[in-house]
Amino acid sequence: MISLDPAIWVAAIFNLLHWSYLYKETRLFRFSEHTFVALTVANGLVFASRNIMNLAITPLLGGQIVLIIPIILGLTTWTILSTKYAWISRYAMCTMIGVGTGIALVGTIKANITGQLVATINQARALNLNNAIMIIIVLSTFIYFFFTTSPRIPKPLADARSVIEKIARYSMMAAFGTVIGGDIFARIAMMTSRIIFLLKQWLGL
């Protein structure tokens with residue numbers, strides 16, 4: 001039996017309006033797209049307001065005076081709306097970019113370099129076929145990116161370097177293919193869930 005819930009009808013109609021883009025970009029699709037963007041922005045504003053209250057205003061009133069610094073920096077970002085005082089916002093922007101870059105660098109190095117090397121070393125303690133393949137792949141890719149050789153190196157070393165480069169390239173291609181394949185499967189799963197929603201929850205089939 002078809003659903004009588006207004007919320008399900010709204011969700012189903014907007015779902016179909018989004019899929020109308022498969023035919024062509026119509027005004028109905030633009031309406032659904034703009035509605036989705038507006039709701040996303042409104043939702044983001046609500047969460048941002050809550051975060052400001054919970055992470056800044058409330059702790060500040062509770063005695064954490066040091067939070068006055070990020071609050072002031074956050075307020076100065078609004079000066080970008082003024083032509084005369086827009087330069088003030090650069091200090092806040094530079095601070096956020098610098099802190100964000102530092103945190104990202106630490107996380108990236110720890111996860112993608114040191115973390116991989118530590119995991120590879122730990123796998124070497126219990127050596128089997130899978131671990132051996134993983135060790136070869138990690139070391140080949142690491143050497144490929146971080147070490148360079150002179151074009152005049154002896155032929156045995158040049159041949160070894162060529163083999164390492166091939167292993168590294170094939171490994172990276174396999175890794176990129178896995179990532180893209182996982183993304184495709186995730187999108188197919190999302191589409192399947194929406195089809196199931198339309199057929200079961202909306203149409204009641």
# chains A, B, ... in the order shown; residues from 1 in each chain; ligands from 1
>>> residues_around(residues="segment 53-56 of chain A", least_positions_apart="4", cutoff="7 Å", atoms="only C-alpha atoms", output="PyMOL selection string")
chain A and resi 49+60+67
>>> write_last_selection(atoms="N, CA and C atoms", output="compact mmCIF listing (two decimals), in the first residue's frame")
# COMPACT_ATOMS: atom_id res chain seq x y z
N SER A 49 26.09 27.32 15.10
CA SER A 49 25.63 28.08 16.26
C SER A 49 25.73 27.26 17.53
N LEU A 60 33.66 29.80 28.07
CA LEU A 60 34.20 31.12 28.42
C LEU A 60 33.50 31.67 29.66
N LEU A 67 39.86 31.12 25.94
CA LEU A 67 39.05 30.98 24.73
C LEU A 67 38.70 32.33 24.11
>>> select_by_dssp(residues="segment 11-202 of chain A", states="alpha helix (DSSP H)", output="JSON, numbers by chain")
{"A": [11, 12, 13, 14, 15, 16, 17, 18, 19, 27, 28, 29, 30, 31, 32, 33, 34, 35, 36, 37, 38, 39, 40, 41, 42, 43, 44, 45, 46, 47, 48, 49, 50, 51, 52, 58, 59, 60, 61, 68, 69, 70, 71, 72, 73, 74, 75, 76, 89, 90, 91, 92, 93, 94, 95, 96, 97, 98, 99, 100, 101, 102, 103, 104, 105, 106, 107, 108, 109, 115, 116, 117, 118, 119, 120, 121, 122, 123, 124, 125, 129, 130, 131, 132, 133, 134, 135, 136, 137, 138, 139, 140, 141, 142, 143, 144, 145, 146, 155, 156, 157, 158, 159, 160, 161, 162, 163, 164, 165, 166, 167, 168, 169, 170, 171, 172, 173, 174, 175, 176, 177, 178, 179, 180, 181, 182, 183, 184, 185, 186, 187, 188, 189, 190, 191, 192, 193, 194, 195, 196]}
>>> atom_distance(atom1="atom CA of Leu4 of chain A", atom2="atom CA of Val41 of chain A")
28.9 Å
>>> closest_residue(among="A:Leu205, A:Ala175, A:Val37, A:Ala92", to="Thr79 of chain A", atoms="only C-alpha atoms")
A:Ala92
>>> closest_residue(among="A:Leu157, A:Ala7, A:Val66, A:Ile13", to="Leu198 of chain A", atoms="only C-alpha atoms")
A:Ile13
>>> closest_residue(among="A:Ile136, A:Ile180, A:Ile195, A:Leu75", to="Ala168 of chain A", atoms="only C-alpha atoms")
A:Ile136
>>> residues_around(residues="segment 86-90 of chain A", least_positions_apart="5", cutoff="6 Å", atoms="only C-alpha atoms", output="PDB file with C-alpha atoms, in the first residue's frame")
ATOM      1  CA  THR A  76      37.541  39.286  12.945  1.00  0.00           C
ATOM      2  CA  THR A  77      36.838  36.980   9.994  1.00  0.00           C
ATOM      3  CA  THR A  79      35.578  42.022   8.617  1.00  0.00           C
ATOM      4  CA  ILE A  80      36.094  40.468   5.190  1.00  0.00           C
TER       5      ILE A  80
END
>>> atom_distance(atom1="atom CA of Ser3 of chain A", atom2="atom CA of Thr192 of chain A")
19.3 Å
>>> atom_distance(atom1="atom CA of Ile135 of chain A", atom2="atom CA of Thr120 of chain A")
5.7 Å
>>> closest_residue(among="A:Ile164, A:Ile97, A:Lys24, A:Asn131", to="Phe147 of chain A", atoms="only C-alpha atoms")
A:Ile164
>>> residues_around(residues="Ala119 of chain A", least_positions_apart="4", cutoff="12 Å", atoms="only C-alpha atoms", output="compact mmCIF listing (two decimals) with C-alpha atoms, in the first residue's frame")
# COMPACT_ATOMS: atom_id res chain seq x y z
CA LYS A 110 51.90 9.62 11.06
CA ALA A 111 49.23 7.76 9.07
CA ASN A 112 50.82 7.50 5.64
CA ILE A 113 54.56 7.31 6.35
CA THR A 114 55.61 6.40 9.87
CA GLY A 115 52.46 4.38 10.49
CA GLN A 123 54.50 -7.68 9.71
CA ALA A 124 58.09 -8.74 9.10
CA ARG A 125 58.08 -10.45 12.50
CA ALA A 126 55.48 -12.95 11.30
CA ASN A 131 53.15 -10.01 4.60
CA MET A 134 52.99 -6.07 1.53
CA ILE A 135 56.58 -5.42 2.63
CA VAL A 138 55.57 -0.59 0.78
CA LEU A 139 59.36 -0.51 0.45
>>> residues_around(residues="segment 25-32 of chain A", least_positions_apart="6", cutoff="12 Å", atoms="only C-alpha atoms", output="compact mmCIF listing (two decimals) with C-alpha atoms, in the first residue's frame")
# COMPACT_ATOMS: atom_id res chain seq x y z
CA VAL A 10 8.27 14.98 0.08
CA ALA A 11 11.41 12.83 0.16
CA ALA A 12 10.20 10.70 -2.76
CA ILE A 13 9.24 13.69 -4.92
CA PHE A 14 12.57 15.42 -4.37
CA ASN A 15 14.33 12.12 -5.06
CA LEU A 16 12.59 11.90 -8.44
CA LEU A 17 13.29 15.57 -9.16
CA HIS A 18 16.99 14.96 -8.56
CA TRP A 19 16.96 11.96 -10.87
CA ALA A 38 19.51 25.87 1.12
CA LEU A 39 18.62 23.13 3.62
